[in-house]
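Peer 1: For reference, the file model_1.cif (mmCIF, C-alpha atoms) is included below:
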```cif
data_target
#
loop_
_atom_site.label_atom_id
_atom_site.label_comp_id
_atom_site.auth_asym_id
_atom_site.auth_seq_id
_atom_site.Cartn_x
_atom_site.Cartn_y
_atom_site.Cartn_z
CA MET A 9 22.33 16.96 -13.06
CA ASP A 10 20.88 16.18 -9.69
CA LYS A 11 21.77 18.42 -6.81
CA GLY A 12 24.83 17.15 -5.02
CA GLU A 13 25.88 14.79 -7.78
CA ILE A 14 29.62 14.54 -8.21
CA ILE A 15 31.00 14.22 -11.70
CA THR A 16 33.08 11.08 -11.80
CA SER A 17 34.56 8.96 -14.52
CA GLN A 18 35.49 5.43 -13.69
CA ILE A 19 35.31 2.09 -15.40
CA VAL A 20 32.91 -0.19 -13.56
CA ASP A 21 34.27 -3.67 -14.02
CA ASP A 22 32.74 -5.53 -11.11
CA ALA A 23 29.45 -5.83 -9.30
CA ARG A 24 30.84 -4.54 -6.02
CA LYS A 25 31.76 -1.23 -7.61
CA ALA A 26 28.37 -1.01 -9.31
CA VAL A 27 26.62 -1.55 -5.98
CA GLU A 28 28.81 1.08 -4.31
CA ILE A 29 27.84 3.62 -6.96
CA ALA A 30 24.17 2.69 -6.66
CA LYS A 31 24.30 2.96 -2.89
CA ASP A 32 25.95 6.36 -3.02
CA TYR A 33 23.52 7.60 -5.66
CA ALA A 34 20.54 6.29 -3.68
CA ALA A 35 21.52 8.25 -0.60
CA ARG A 36 22.55 11.48 -2.33
CA SER A 37 20.11 11.76 -5.21
CA MET A 38 17.14 9.53 -4.44
CA GLY A 39 16.75 10.25 -0.73
CA ALA A 40 17.00 6.56 0.10
CA LEU A 41 18.65 6.90 3.48
CA PHE A 42 18.09 3.39 4.86
CA TRP A 43 19.85 0.86 2.69
CA ARG A 44 18.75 -2.72 3.11
CA ASP A 45 19.78 -5.15 0.42
CA VAL A 46 20.71 -5.76 -3.20
CA LEU A 47 18.18 -7.90 -5.08
CA GLU A 48 19.80 -7.97 -8.52
CA CYS A 49 23.05 -6.79 -10.05
CA GLU A 50 23.80 -7.57 -13.67
CA VAL A 51 25.30 -6.19 -16.87
CA VAL A 52 22.84 -5.31 -19.63
CA LYS A 53 24.84 -6.39 -22.66
CA GLU A 54 22.85 -4.37 -25.20
CA THR A 55 23.65 -1.05 -23.54
CA ASN A 56 26.80 -1.99 -21.62
CA GLU A 57 25.22 -0.77 -18.40
CA TRP A 58 25.08 -2.20 -14.93
CA ARG A 59 21.54 -2.66 -13.65
CA VAL A 60 21.28 -2.70 -9.88
CA VAL A 61 18.00 -3.39 -8.12
CA PHE A 62 18.05 -2.78 -4.41
CA VAL A 63 15.83 -2.25 -1.39
CA ALA A 64 16.00 0.96 0.61
CA SER A 65 13.78 3.37 2.48
CA PRO A 66 13.65 7.16 2.47
CA SER A 67 12.88 7.57 6.17
CA ILE A 68 12.29 5.89 9.50
CA LEU A 69 8.51 5.60 9.26
CA ALA A 70 8.32 5.00 5.52
CA PRO A 71 8.21 1.46 4.13
CA TYR A 72 11.00 -0.11 2.14
CA TYR A 73 10.91 0.31 -1.63
CA ARG A 74 12.62 -1.37 -4.54
CA TYR A 75 14.82 0.91 -6.62
CA GLU A 76 16.44 0.37 -9.99
CA VAL A 77 19.60 2.16 -11.09
CA PHE A 78 21.46 1.89 -14.40
CA ILE A 79 25.16 2.71 -14.48
CA ASP A 80 27.28 3.28 -17.57
CA SER A 81 30.08 0.74 -17.20
CA LYS A 82 32.56 2.95 -19.08
CA THR A 83 32.09 6.09 -17.00
CA GLY A 84 30.45 4.99 -13.77
CA ARG A 85 27.72 7.58 -14.25
CA VAL A 86 24.13 6.82 -13.36
CA THR A 87 22.12 7.05 -16.57
CA ARG A 88 18.65 6.21 -15.23
CA ALA A 89 17.13 5.61 -11.84
CA ARG A 90 13.67 5.02 -10.50
CA ARG A 91 11.71 3.76 -7.56
CA ILE A 92 9.87 0.62 -8.65
CA GLY A 93 7.41 0.01 -5.84
CA GLU A 94 6.96 -0.99 -2.26
CA TRP A 95 8.97 -3.96 -1.05
CA ARG A 96 7.29 -6.52 1.17
CA ARG A 97 9.38 -8.23 3.80
CA ARG A 98 8.31 -11.64 2.65
CA GLU A 99 10.01 -10.92 -0.69
CA SER A 100 13.54 -12.21 -0.76
CA ARG A 101 16.20 -13.24 -3.18
CA GLU A 102 15.45 -16.84 -2.32
CA GLY A 103 11.68 -16.55 -2.44
CA GLY A 104 11.26 -14.22 -5.42
CA GLU A 105 9.20 -11.08 -5.56
CA GLY A 106 5.46 -11.00 -5.63
CA MET B 1 18.76 -11.44 9.91
CA GLY B 2 17.19 -14.14 7.76
CA SER B 3 14.34 -13.66 5.36
CA GLY B 4 10.56 -14.01 5.33
CA GLY B 5 8.70 -15.16 8.43
CA ASP B 6 11.80 -15.86 10.50
CA GLU B 7 12.98 -12.33 10.00
CA ARG B 8 9.60 -10.92 11.00
CA VAL B 9 9.53 -12.96 14.19
CA GLU B 10 13.08 -11.97 15.06
CA ARG B 11 12.39 -8.31 14.34
CA VAL B 12 9.25 -8.31 16.50
CA GLU B 13 11.00 -10.11 19.36
CA ARG B 14 13.95 -7.75 19.34
CA ALA B 15 11.70 -4.69 19.18
CA ARG B 16 9.60 -6.02 22.09
CA ALA B 17 12.77 -6.68 24.12
CA TYR B 18 13.85 -3.07 23.58
CA LEU B 19 10.38 -1.82 24.56
CA ASN B 20 10.47 -3.83 27.79
CA GLN B 21 13.96 -2.55 28.55
CA SER B 22 12.82 1.01 27.94
CA LEU B 23 9.90 0.58 30.33
CA GLU B 24 12.18 -0.91 32.96
CA TYR B 25 14.51 2.10 32.71
CA LEU B 26 11.52 4.38 33.10
CA GLU B 27 10.40 2.58 36.25
CA ASN B 28 13.94 2.78 37.60
CA ALA B 29 13.95 6.51 36.92
CA PHE B 30 10.83 6.93 39.09
CA LYS B 31 12.40 4.84 41.85
CA ALA B 32 15.61 6.88 41.71
CA SER B 33 13.51 10.05 41.91
CA LYS B 34 11.91 8.81 45.13
CA ASP B 35 15.38 8.07 46.45
CA ARG B 36 16.44 11.62 45.50
CA GLU B 37 19.26 10.55 43.22
CA PRO B 38 19.18 13.03 40.32
CA GLU B 39 22.13 11.61 38.42
CA LYS B 40 20.50 8.16 38.36
CA VAL B 41 17.14 9.60 37.34
CA GLY B 42 18.78 11.30 34.37
CA GLU B 43 20.72 8.24 33.35
CA PHE B 44 17.66 5.99 33.48
CA LEU B 45 15.62 8.52 31.49
CA TRP B 46 18.34 8.62 28.87
CA GLY B 47 18.46 4.84 28.78
CA SER B 48 14.70 4.73 28.32
CA VAL B 49 14.84 7.16 25.37
CA ALA B 50 17.76 5.37 23.73
CA THR B 51 16.18 1.93 23.95
CA ALA B 52 12.77 3.24 22.81
CA LEU B 53 14.49 4.66 19.71
CA LYS B 54 16.21 1.31 19.18
CA ALA B 55 12.82 -0.42 19.45
CA LEU B 56 11.31 1.86 16.81
CA VAL B 57 14.18 1.41 14.37
CA MET B 58 14.09 -2.35 14.87
CA ALA B 59 10.31 -2.46 14.38
CA MET B 60 10.31 -0.22 11.32
CA LYS B 61 13.57 -1.06 9.65
CA GLY B 62 14.76 -4.33 11.14
CA MET B 63 18.04 -2.61 11.94
CA GLU B 64 20.17 -2.29 15.05
CA VAL B 65 21.32 1.16 16.10
CA LYS B 66 25.04 0.71 16.37
CA ASN B 67 26.29 3.82 18.11
CA HIS B 68 25.47 7.02 19.95
CA GLY B 69 25.89 9.10 16.80
CA GLN B 70 23.18 7.12 15.02
CA LEU B 71 20.75 7.88 17.83
CA TRP B 72 21.23 11.59 17.15
CA GLU B 73 20.67 11.11 13.43
CA ILE B 74 17.52 9.08 14.02
CA ALA B 75 16.07 11.58 16.49
CA ARG B 76 16.73 14.43 14.03
CA GLU B 77 15.28 12.49 11.12
CA LEU B 78 12.20 11.43 13.07
CA ALA B 79 11.49 15.02 14.13
CA ARG B 80 11.85 16.14 10.52
CA GLU B 81 9.67 13.33 9.20
CA THR B 82 6.84 13.80 11.69
CA GLY B 83 7.13 17.58 11.86
CA ASP B 84 7.21 17.19 15.65
CA LEU B 85 10.26 19.17 16.72
CA SER B 86 9.63 18.34 20.38
CA ILE B 87 11.02 14.88 19.61
CA TYR B 88 14.45 16.28 18.95
CA GLU B 89 14.26 18.83 21.77
CA ALA B 90 13.33 16.16 24.33
CA PHE B 91 16.02 13.87 22.95
CA LYS B 92 18.62 16.61 23.48
CA GLU B 93 17.41 17.11 27.04
CA ALA B 94 17.71 13.40 27.73
CA ASN B 95 21.23 13.41 26.35
CA PHE B 96 22.07 16.36 28.58
CA LEU B 97 20.86 14.38 31.60
CA HIS B 98 23.07 11.51 30.44
CA SER B 99 26.11 13.76 30.65
CA ASN B 100 25.02 14.79 34.15
CA PHE B 101 25.56 11.22 35.27
CA TYR B 102 29.30 11.81 34.92
CA GLU B 103 29.48 15.48 35.85
CA PHE B 104 26.85 15.53 38.59
CA ARG B 105 25.79 19.18 38.50
CA LEU B 106 22.01 19.13 38.21
CA SER B 107 19.67 19.10 41.17
CA LEU B 108 16.67 16.77 41.42
CA ASP B 109 14.39 19.71 40.55
CA ASP B 110 16.45 20.41 37.42
CA VAL B 111 16.11 16.80 36.34
CA LYS B 112 12.40 16.70 37.14
CA SER B 113 11.75 19.76 35.01
CA SER B 114 13.01 17.82 31.98
CA ALA B 115 11.52 14.49 32.98
CA GLU B 116 7.95 15.22 31.88
CA ARG B 117 8.99 16.08 28.32
CA ILE B 118 11.28 13.06 28.16
CA VAL B 119 8.57 10.70 29.40
CA ARG B 120 6.24 12.10 26.72
CA LEU B 121 8.93 11.39 24.12
CA VAL B 122 9.26 7.81 25.33
CA GLU B 123 5.47 7.41 25.09
CA LYS B 124 5.47 8.72 21.51
CA LEU B 125 8.28 6.38 20.52
CA MET B 126 6.53 3.43 22.15
CA ASN B 127 3.25 4.23 20.40
CA LEU B 128 4.98 4.46 17.03
CA THR B 129 6.71 1.16 17.70
CA GLU B 130 3.47 -0.55 18.73
CA GLU B 131 1.79 0.67 15.53
CA ALA B 132 4.67 -0.68 13.47
CA LEU B 133 4.51 -4.03 15.24
CA LYS B 134 0.75 -4.27 14.70
CA GLU B 135 1.23 -3.66 10.98
CA SER B 136 3.83 -6.38 10.77
CA GLU B 137 1.56 -9.00 12.29
CA PRO B 138 0.60 -11.71 9.78
#
```
What do you get writing this file as structure tokens?
Peer 2:
Amino acid sequence: MDKGEIITSQIVDDARKAVEIAKDYAARSMGALFWRDVLECEVVKETNEWRVVFVASPSILAPYYRYEVFIDSKTGRVTRARRIGEWRRRESREGGEG
Amino acid sequence: MGSGGDERVERVERARAYLNQSLEYLENAFKASKDREPEKVGEFLWGSVATALKALVMAMKGMEVKNHGQLWEIARELARETGDLSIYEAFKEANFLHSNFYEFRLSLDDVKSSAERIVRLVEKLMNLTEEALKESEP
């Protein structure tokens, strides 16, 4: 378990809750202090997990990165998380990612 | 803020506006010093630091600093990130001068003894902001 992680058990039945969990996890366990935006939020039917892709930054001078977090929809626990890569400002939900 | 090029332009414009404001406060601080008004010197120095921090956060993150508490967090975080603890120390001094505006206890010499470190902080913040703005040019 990551340092500072709080054991919780909650059914995640909507995207807003999934994003809240991802946001909290990003700040506490991934060091992503500057939250910017959510790029994708969807349920992965095969595993019954929420997949949240968001943009955040670990510090003032660091660039923004894309992060991906998977959340068990039955327990609300983060099962996997990773930093995908640097996010360019020209990327947007409307314009796609390049 | 919007996305893509519009956002970049808006971010750069806002950051530049904060930089100009910060410089103006600095000039006002020097004028107030000549007029021997320590409380005004301190308040303008504080204003210059606060707006320079706002410029940096806007340039780097495209975000507005919303309150006084955030300024403290950003100064702490920036000192930690750069390893330059003088950033936080000078920020605290500037904040102390800000409180002097209301309590009026410090002499002009007291204020001047902090001013040099605070001006250096403003310069550092402005340089970091300029670098960030250069990198964001198309």
Peer 1: Report the centre and edge lengths, in Å to one decimal, of an axis-aligned box enclosing every atom of stretch 85-91 of chain A listed in the file, padded by 8 Å on each side, as AutoDock Vina command-line options.
Peer 2:
```
--center_x 19.7 --center_y 5.7 --center_z -12.1 --size_x 32.0 --size_y 19.8 --size_z 25.0
```
Peer 1: Name the residues that the PyMOL selection byres ((chain B and resi 89) around 10) pulls out of this structure, and write them as an mmCIF file with C-alpha atoms, in the frame of the given file.
Peer 2:
```cif
data_model
loop_
_atom_site.group_PDB
_atom_site.id
_atom_site.type_symbol
_atom_site.label_atom_id
_atom_site.label_comp_id
_atom_site.auth_asym_id
_atom_site.auth_seq_id
_atom_site.Cartn_x
_atom_site.Cartn_y
_atom_site.Cartn_z
ATOM 1 C CA ALA B 75 16.070 11.580 16.490
ATOM 2 C CA ARG B 76 16.730 14.430 14.030
ATOM 3 C CA ALA B 79 11.490 15.020 14.130
ATOM 4 C CA ASP B 84 7.210 17.190 15.650
ATOM 5 C CA LEU B 85 10.260 19.170 16.720
ATOM 6 C CA SER B 86 9.630 18.340 20.380
ATOM 7 C CA ILE B 87 11.020 14.880 19.610
ATOM 8 C CA TYR B 88 14.450 16.280 18.950
ATOM 9 C CA ALA B 90 13.330 16.160 24.330
ATOM 10 C CA PHE B 91 16.020 13.870 22.950
ATOM 11 C CA LYS B 92 18.620 16.610 23.480
ATOM 12 C CA GLU B 93 17.410 17.110 27.040
ATOM 13 C CA ALA B 94 17.710 13.400 27.730
ATOM 14 C CA ASN B 95 21.230 13.410 26.350
ATOM 15 C CA ARG B 117 8.990 16.080 28.320
ATOM 16 C CA ILE B 118 11.280 13.060 28.160
ATOM 17 C CA LEU B 121 8.930 11.390 24.120
#
```
Peer 1: Considering all atoms listed in the file, can you say which of A:Ile68, A:Thr87, A:Ser81, A:Ile19 comes closest to A:Leu41?
Peer 2: A:Ile68
Peer 1: Quick one: which chain B residues come within 8 Å of chain A, and what is the nearest atom pair for each with the distance in Å to one decimal, counting all atoms listed in the file, rows ordered by chain and ascending number, as JSON lines?
Peer 2:
```
{"residue": "B:Ser3", "atom": "CA", "partner": "A:Ser100", "partner_atom": "CA", "distance": 6.3}
{"residue": "B:Gly4", "atom": "CA", "partner": "A:Arg98", "partner_atom": "CA", "distance": 4.2}
{"residue": "B:Gly5", "atom": "CA", "partner": "A:Arg98", "partner_atom": "CA", "distance": 6.8}
{"residue": "B:Arg8", "atom": "CA", "partner": "A:Arg97", "partner_atom": "CA", "distance": 7.7}
{"residue": "B:Val57", "atom": "CA", "partner": "A:Ile68", "partner_atom": "CA", "distance": 6.9}
{"residue": "B:Met60", "atom": "CA", "partner": "A:Leu69", "partner_atom": "CA", "distance": 6.4}
{"residue": "B:Lys61", "atom": "CA", "partner": "A:Ile68", "partner_atom": "CA", "distance": 7.1}
{"residue": "B:Ile74", "atom": "CA", "partner": "A:Ile68", "partner_atom": "CA", "distance": 7.6}
{"residue": "B:Glu77", "atom": "CA", "partner": "A:Ser67", "partner_atom": "CA", "distance": 7.4}
{"residue": "B:Leu78", "atom": "CA", "partner": "A:Ile68", "partner_atom": "CA", "distance": 6.6}
{"residue": "B:Glu81", "atom": "CA", "partner": "A:Ser67", "partner_atom": "CA", "distance": 7.3}
```
Peer 1: List the spatial neighbours of B:Lys134 as a tab-separated table (two decimals) with C-alpha atoms, keeping the file's coordinate frame - criterion: any atom at most 12 Å away, only C-alpha atoms, same-chain residues fewer than 6 positions off excluded.
Peer 2:
```tsv
chain	number	residue	atom	x	y	z
B	8	ARG	CA	9.60	-10.92	11.00
B	12	VAL	CA	9.25	-8.31	16.50
B	15	ALA	CA	11.70	-4.69	19.18
B	16	ARG	CA	9.60	-6.02	22.09
B	59	ALA	CA	10.31	-2.46	14.38
B	60	MET	CA	10.31	-0.22	11.32
B	127	ASN	CA	3.25	4.23	20.40
B	128	LEU	CA	4.98	4.46	17.03
```
Peer 1: By how many Å are atom CA of B:Ser22 and atom CA of B:Gly47 apart?
Peer 2: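 Taking atom CA of B:Ser22 as the start and atom CA of B:Gly47 as the end point, the length is 6.9 Å.
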Peer 1: Once the PyMOL selection byres ((chain A and resi 78) around 10) is applied to the coordinates I shared, what remains selected? I want it as a PDB file with C-alpha atoms, in the frame of the given file.
Peer 2:
```
ATOM      1  CA  ALA A  26      28.370  -1.010  -9.310  1.00  0.00           C
ATOM      2  CA  ILE A  29      27.840   3.620  -6.960  1.00  0.00           C
ATOM      3  CA  ALA A  30      24.170   2.690  -6.660  1.00  0.00           C
ATOM      4  CA  CYS A  49      23.050  -6.790 -10.050  1.00  0.00           C
ATOM      5  CA  GLU A  50      23.800  -7.570 -13.670  1.00  0.00           C
ATOM      6  CA  VAL A  51      25.300  -6.190 -16.870  1.00  0.00           C
ATOM      7  CA  VAL A  52      22.840  -5.310 -19.630  1.00  0.00           C
ATOM      8  CA  THR A  55      23.650  -1.050 -23.540  1.00  0.00           C
ATOM      9  CA  ASN A  56      26.800  -1.990 -21.620  1.00  0.00           C
ATOM     10  CA  GLU A  57      25.220  -0.770 -18.400  1.00  0.00           C
ATOM     11  CA  TRP A  58      25.080  -2.200 -14.930  1.00  0.00           C
ATOM     12  CA  ARG A  59      21.540  -2.660 -13.650  1.00  0.00           C
ATOM     13  CA  VAL A  60      21.280  -2.700  -9.880  1.00  0.00           C
ATOM     14  CA  VAL A  61      18.000  -3.390  -8.120  1.00  0.00           C
ATOM     15  CA  GLU A  76      16.440   0.370  -9.990  1.00  0.00           C
ATOM     16  CA  VAL A  77      19.600   2.160 -11.090  1.00  0.00           C
ATOM     17  CA  ILE A  79      25.160   2.710 -14.480  1.00  0.00           C
ATOM     18  CA  ASP A  80      27.280   3.280 -17.570  1.00  0.00           C
ATOM     19  CA  SER A  81      30.080   0.740 -17.200  1.00  0.00           C
ATOM     20  CA  GLY A  84      30.450   4.990 -13.770  1.00  0.00           C
ATOM     21  CA  ARG A  85      27.720   7.580 -14.250  1.00  0.00           C
ATOM     22  CA  VAL A  86      24.130   6.820 -13.360  1.00  0.00           C
ATOM     23  CA  THR A  87      22.120   7.050 -16.570  1.00  0.00           C
ATOM     24  CA  ARG A  88      18.650   6.210 -15.230  1.00  0.00           C
ATOM     25  CA  ALA A  89      17.130   5.610 -11.840  1.00  0.00           C
ATOM     26  CA  ARG A  90      13.670   5.020 -10.500  1.00  0.00           C
TER      27      ARG A  90
END
```
Peer 1: Rounded to one decimal, what separation in Å do you get between atom CA of A:Val20 and atom CA of A:Arg74?
Peer 2: 22.2 Å
Peer 1: Specify as an NGL selection string each residue included when the PyMOL selection byres ((chain B and resi 114) around 10) is applied to this file.
Peer 2: :B and (42 or 45 or 90 or 93-94 or 96-97 or 109-113 or 115-119)
Peer 1: Take the residues from that selection and write them out as a PDB file, keeping the file's coordinate frame, keeping C-alpha atoms.
Peer 2:
```
ATOM      1  CA  GLY B  42      18.780  11.300  34.370  1.00  0.00           C
ATOM      2  CA  LEU B  45      15.620   8.520  31.490  1.00  0.00           C
ATOM      3  CA  ALA B  90      13.330  16.160  24.330  1.00  0.00           C
ATOM      4  CA  GLU B  93      17.410  17.110  27.040  1.00  0.00           C
ATOM      5  CA  ALA B  94      17.710  13.400  27.730  1.00  0.00           C
ATOM      6  CA  PHE B  96      22.070  16.360  28.580  1.00  0.00           C
ATOM      7  CA  LEU B  97      20.860  14.380  31.600  1.00  0.00           C
ATOM      8  CA  ASP B 109      14.390  19.710  40.550  1.00  0.00           C
ATOM      9  CA  ASP B 110      16.450  20.410  37.420  1.00  0.00           C
ATOM     10  CA  VAL B 111      16.110  16.800  36.340  1.00  0.00           C
ATOM     11  CA  LYS B 112      12.400  16.700  37.140  1.00  0.00           C
ATOM     12  CA  SER B 113      11.750  19.760  35.010  1.00  0.00           C
ATOM     13  CA  ALA B 115      11.520  14.490  32.980  1.00  0.00           C
ATOM     14  CA  GLU B 116       7.950  15.220  31.880  1.00  0.00           C
ATOM     15  CA  ARG B 117       8.990  16.080  28.320  1.00  0.00           C
ATOM     16  CA  ILE B 118      11.280  13.060  28.160  1.00  0.00           C
ATOM     17  CA  VAL B 119       8.570  10.700  29.400  1.00  0.00           C
TER      18      VAL B 119
END
```
Peer 1: Rounded to one decimal place, report the atom CA of B:Glu37-atom CA of B:Arg105 distance in Å.
Peer 2: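 These two atoms are separated by 11.8 Å.
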Peer 1: So, with only C-alpha atoms as the atoms that count, which of B:Leu71, B:Leu106, B:Met58, B:Val65 lies closest to B:Glu7?
Peer 2: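 That would be B:Met58, the residue with the smallest distance to B:Glu7.
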Peer 1: If you keep all heavy atoms, can you output stretch 32-41 of chain B as a compact mmCIF listing (two decimals), in the first residue's frame?
Peer 2:
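Saved the output as result35.txt:
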```
# COMPACT_ATOMS: atom_id res chain seq x y z
N ALA B 32 8.45 55.35 -3.01
CA ALA B 32 8.02 55.50 -1.61
C ALA B 32 9.23 55.56 -0.68
O ALA B 32 9.20 56.24 0.36
CB ALA B 32 7.11 54.33 -1.23
N SER B 33 10.30 54.87 -1.07
CA SER B 33 11.52 54.90 -0.26
C SER B 33 12.12 56.31 -0.28
O SER B 33 12.56 56.83 0.75
CB SER B 33 12.51 53.87 -0.81
OG SER B 33 13.69 53.89 -0.05
N LYS B 34 12.11 56.92 -1.47
CA LYS B 34 12.63 58.30 -1.57
C LYS B 34 11.77 59.26 -0.74
O LYS B 34 12.26 60.22 -0.18
CB LYS B 34 12.62 58.75 -3.02
CG LYS B 34 13.80 58.19 -3.82
CD LYS B 34 13.74 58.67 -5.27
CE LYS B 34 14.81 57.97 -6.08
NZ LYS B 34 14.62 58.17 -7.52
N ASP B 35 10.49 58.95 -0.68
CA ASP B 35 9.57 59.80 0.09
C ASP B 35 9.57 59.45 1.58
O ASP B 35 8.77 60.01 2.35
CB ASP B 35 8.13 59.66 -0.45
CG ASP B 35 8.00 60.21 -1.86
OD1 ASP B 35 8.86 61.02 -2.25
OD2 ASP B 35 7.06 59.80 -2.57
N ARG B 36 10.41 58.48 1.95
CA ARG B 36 10.54 58.05 3.35
C ARG B 36 9.20 57.59 3.94
O ARG B 36 8.78 58.05 5.00
CB ARG B 36 11.19 59.16 4.20
CG ARG B 36 12.53 59.64 3.64
CD ARG B 36 13.33 60.43 4.65
NE ARG B 36 13.70 59.67 5.84
CZ ARG B 36 14.68 58.77 5.87
NH1 ARG B 36 15.39 58.53 4.79
NH2 ARG B 36 14.95 58.14 6.99
N GLU B 37 8.57 56.69 3.22
CA GLU B 37 7.30 56.13 3.70
C GLU B 37 7.44 54.60 3.81
O GLU B 37 7.09 53.86 2.88
CB GLU B 37 6.16 56.47 2.74
CG GLU B 37 5.88 57.96 2.67
CD GLU B 37 4.73 58.28 1.72
OE1 GLU B 37 4.88 58.04 0.51
OE2 GLU B 37 3.69 58.75 2.21
N PRO B 38 7.97 54.14 4.96
CA PRO B 38 8.31 52.72 5.08
C PRO B 38 7.13 51.78 4.90
O PRO B 38 7.28 50.70 4.32
CB PRO B 38 8.88 52.61 6.50
CG PRO B 38 8.47 53.84 7.22
CD PRO B 38 8.31 54.91 6.18
N GLU B 39 5.99 52.17 5.40
CA GLU B 39 4.83 51.26 5.29
C GLU B 39 4.42 51.06 3.83
O GLU B 39 4.05 49.96 3.40
CB GLU B 39 3.65 51.73 6.15
CG GLU B 39 2.86 52.92 5.66
CD GLU B 39 3.58 54.25 5.80
OE1 GLU B 39 4.70 54.33 6.33
OE2 GLU B 39 2.97 55.25 5.39
N LYS B 40 4.57 52.12 3.03
CA LYS B 40 4.23 52.00 1.60
C LYS B 40 5.31 51.20 0.86
O LYS B 40 4.99 50.43 -0.04
CB LYS B 40 4.09 53.39 0.96
CG LYS B 40 2.78 54.07 1.32
CD LYS B 40 2.60 55.33 0.49
CE LYS B 40 1.32 56.04 0.90
NZ LYS B 40 1.16 57.30 0.17
N VAL B 41 6.55 51.41 1.24
CA VAL B 41 7.63 50.62 0.61
C VAL B 41 7.35 49.15 0.80
O VAL B 41 7.39 48.35 -0.14
CB VAL B 41 9.02 50.97 1.24
CG1 VAL B 41 10.10 50.07 0.62
CG2 VAL B 41 9.36 52.42 1.03
```
